[in-house]
Amino acid sequence: MTTSHGRRATIRDVALAAGVSISTASNALNGQGRTNAETRDRVKHIAEKIGFRPNALARGLLSRRSHSIGMITNDTYGRLTLPMTAGVSEALVDHGVSVFLCATNNDPRLARLHLEALLDKQVDGIIFTATRLDLAPQVDLSRLPIPVVYAFAEGPDTSVSFVPDDHQGARLAVEHLLSLGHRRILHITGPEDFAAVRRRAAAYRACLGGEGEVMFGPWGEDWGHEAVHRILKRPEPRPDAIFCGSDETARGVIDALRDHGLTVPSDMAVVGFDNWHVVAAQTRPALTTIDMGLKELGRRAGLAMLDLTQGKPVESGINYIACELVVRASCGTDLAGQSLMSS
């Protein structure tokens, strides 16, 4: 907003309207000095009334902060990063901190260029995210002079990381199927070299007393189709439920079962993992799945970054974010549309 003379309001205008010195007005707005509460409230009210906005550059020079952070990701399509970014922004926006999102497309050269650009902008910190938990950054972040937080990625032991609790999420899926009376539960999932895949498979087997069959394969609907074709060629008994490692794989499974004249959930129940809404909600029947809490994960990463940039202590290590079971129609329960969480 501008003043009655058509120019932008300045700290001098605030001080004049409040009847205080420029330094007092500045201290009141920045929460510094020994300004009494009455004066501080009056200055803030007048600043809001005349539309004064502190100059970000000047504020940064005073505080030695740019009030911005960078997010570096290899997630070109944003399926994982966008909900996390929403959570990061939610945590930071009320503190006047902006977020620069940089996609590397798994290109080390592009990652270096983005990092150099962010450092040139003097960002206060960097959040690194990836499409898999065990993917290392394409550029060295270990020696930066600013804080680094890892989200949906596991950083060094001395860093702060936030990841979904894959063990707990897989338990939710299998325990839900068990609670519905299913006992012959098959797990169709992604490549075994993914840490998340191994953790979910371990939790699945633990729920079944150390037993159960895991079919590893490439991510995607095609693998869901292929896996179903394989199991239906076998002698019976067939599985009565399938826990899938991703929603895309689950949709492939459901389509393949339909192609073979089988009905979900009457003949087999199906649970996915991700709660990728564009897939899970549009699958027919709509897919019961595990939500990884990506927005909450991003919010927690943003709050940790805020504390670090303000010099507050943050405990290093991996923070596991609880998953939720989102119940739709693919298991035949009457709880469709509800979200359930357990420890």
# chains A, B, ... in the order shown; residues from 1 in each chain; ligands from 1
$ select_by_dssp --residues "region 136-204 of chain A" --states "strand (DSSP E)" --output "PyMOL selection string"
chain A and resi 148-151+160-164+185-189
$ select_by_dssp --residues "region 172-225 of chain A" --states "helix (DSSP H, G or I)" --output "ChimeraX atom specification"
/A:172-179,195-207,221-225
$ residues_around --residues "Gly78 (chain A)" --least-positions-apart "2" --cutoff "12 Å" --atoms "only C-alpha atoms" --output "list in words"
Ile72, Thr73, Asn74, Asp75, Thr76, Leu80, Thr81, Leu82, Pro83, Met84, Thr85, Ala86, Leu101, Cys102, Ala103, Thr104, Asn105, Thr129, Ala130, Thr131, Trp276 and Leu294 of chain A
$ residues_around --residues "Ala286 (chain A)" --least-positions-apart "6" --cutoff "9 Å" --atoms "only C-alpha atoms" --output "list in words"
Val279, Ala280, Arg328, Ala329 and Ser330 of chain A
$ write_last_selection --atoms "N, CA and C atoms" --output "PDB file, in the first residue's frame"
ATOM      1  N   VAL A 279      -4.806 -41.607  -8.581  1.00  0.00           N
ATOM      2  CA  VAL A 279      -4.865 -43.042  -8.892  1.00  0.00           C
ATOM      3  C   VAL A 279      -5.852 -43.746  -7.973  1.00  0.00           C
ATOM      4  N   ALA A 280      -5.687 -43.574  -6.665  1.00  0.00           N
ATOM      5  CA  ALA A 280      -6.462 -44.336  -5.698  1.00  0.00           C
ATOM      6  C   ALA A 280      -7.962 -44.057  -5.791  1.00  0.00           C
ATOM      7  N   ARG A 328     -11.246 -47.242   1.415  1.00  0.00           N
ATOM      8  CA  ARG A 328     -12.209 -47.014   0.341  1.00  0.00           C
ATOM      9  C   ARG A 328     -12.944 -48.335   0.086  1.00  0.00           C
ATOM     10  N   ALA A 329     -13.142 -48.701  -1.162  1.00  0.00           N
ATOM     11  CA  ALA A 329     -14.035 -49.830  -1.448  1.00  0.00           C
ATOM     12  C   ALA A 329     -13.330 -51.135  -1.791  1.00  0.00           C
ATOM     13  N   SER A 330     -12.029 -51.127  -2.007  1.00  0.00           N
ATOM     14  CA  SER A 330     -11.370 -52.308  -2.577  1.00  0.00           C
ATOM     15  C   SER A 330     -11.179 -53.457  -1.595  1.00  0.00           C
TER      16      SER A 330
END
$ atom_distance --atom1 "CA of Cys244 (chain A)" --atom2 "CA of Ala196 (chain A)"
12.7 Å
$ residues_around --residues "His182 (chain A)" --least-positions-apart "2" --cutoff "9 Å" --atoms "only C-alpha atoms" --output "tab-separated table (two decimals) with N, CA and C atoms, in the first residue's frame"
chain	number	residue	atom	x	y	z
A	177	LEU	N	-6.35	-56.12	6.53
A	177	LEU	CA	-6.79	-57.30	5.79
A	177	LEU	C	-7.06	-58.47	6.74
A	178	LEU	N	-6.20	-58.64	7.72
A	178	LEU	CA	-6.40	-59.70	8.70
A	178	LEU	C	-7.70	-59.48	9.49
A	179	SER	N	-7.97	-58.22	9.82
A	179	SER	CA	-9.19	-57.92	10.59
A	179	SER	C	-10.46	-58.22	9.80
A	180	LEU	N	-10.34	-58.26	8.49
A	180	LEU	CA	-11.49	-58.58	7.64
A	180	LEU	C	-11.60	-60.07	7.35
A	184	ARG	N	-4.80	-65.63	3.41
A	184	ARG	CA	-3.85	-65.88	2.32
A	184	ARG	C	-3.56	-64.54	1.63
A	185	ILE	N	-2.64	-63.81	2.24
A	185	ILE	CA	-2.34	-62.44	1.77
A	185	ILE	C	-1.01	-62.44	1.02
A	239	PRO	N	-4.52	-66.50	-3.50
A	239	PRO	CA	-4.62	-65.52	-2.41
A	239	PRO	C	-6.05	-65.01	-2.29
A	240	ASP	N	-6.45	-64.65	-1.09
A	240	ASP	CA	-7.76	-64.01	-0.93
A	240	ASP	C	-7.61	-62.49	-0.74
A	241	ALA	N	-6.35	-62.02	-0.68
A	241	ALA	CA	-6.09	-60.59	-0.57
A	241	ALA	C	-4.68	-60.29	-1.07
A	269	ALA	N	-9.47	-59.07	-2.05
A	269	ALA	CA	-9.34	-57.69	-1.56
A	269	ALA	C	-7.97	-57.15	-1.96
$ residues_around --residues "Phe128 (chain A)" --least-positions-apart "2" --cutoff "8 Å" --atoms "only C-alpha atoms" --output "PyMOL selection string"
chain A and resi 71-73+126+130+137+148-151+153
$ atom_distance --atom1 "CA of Asp274 (chain A)" --atom2 "CA of Leu306 (chain A)"
27.5 Å
$ residues_around --residues "Val228 (chain A)" --least-positions-apart "4" --cutoff "8 Å" --atoms "only C-alpha atoms" --output "PyMOL selection string"
chain A and resi 224+232+253+256-257
$ atom_distance --atom1 "CA of Ala201 (chain A)" --atom2 "CA of Pro218 (chain A)"
14.9 Å
$ closest_residue --among "A:Arg79, A:Arg251, A:Lys121, A:Arg300" --to "Thr283 (chain A)" --atoms "only C-alpha atoms"
A:Arg251
$ closest_residue --among "A:His95, A:Arg34, A:His176, A:Arg230" --to "Ile188 (chain A)" --atoms "only C-alpha atoms"
A:Arg230
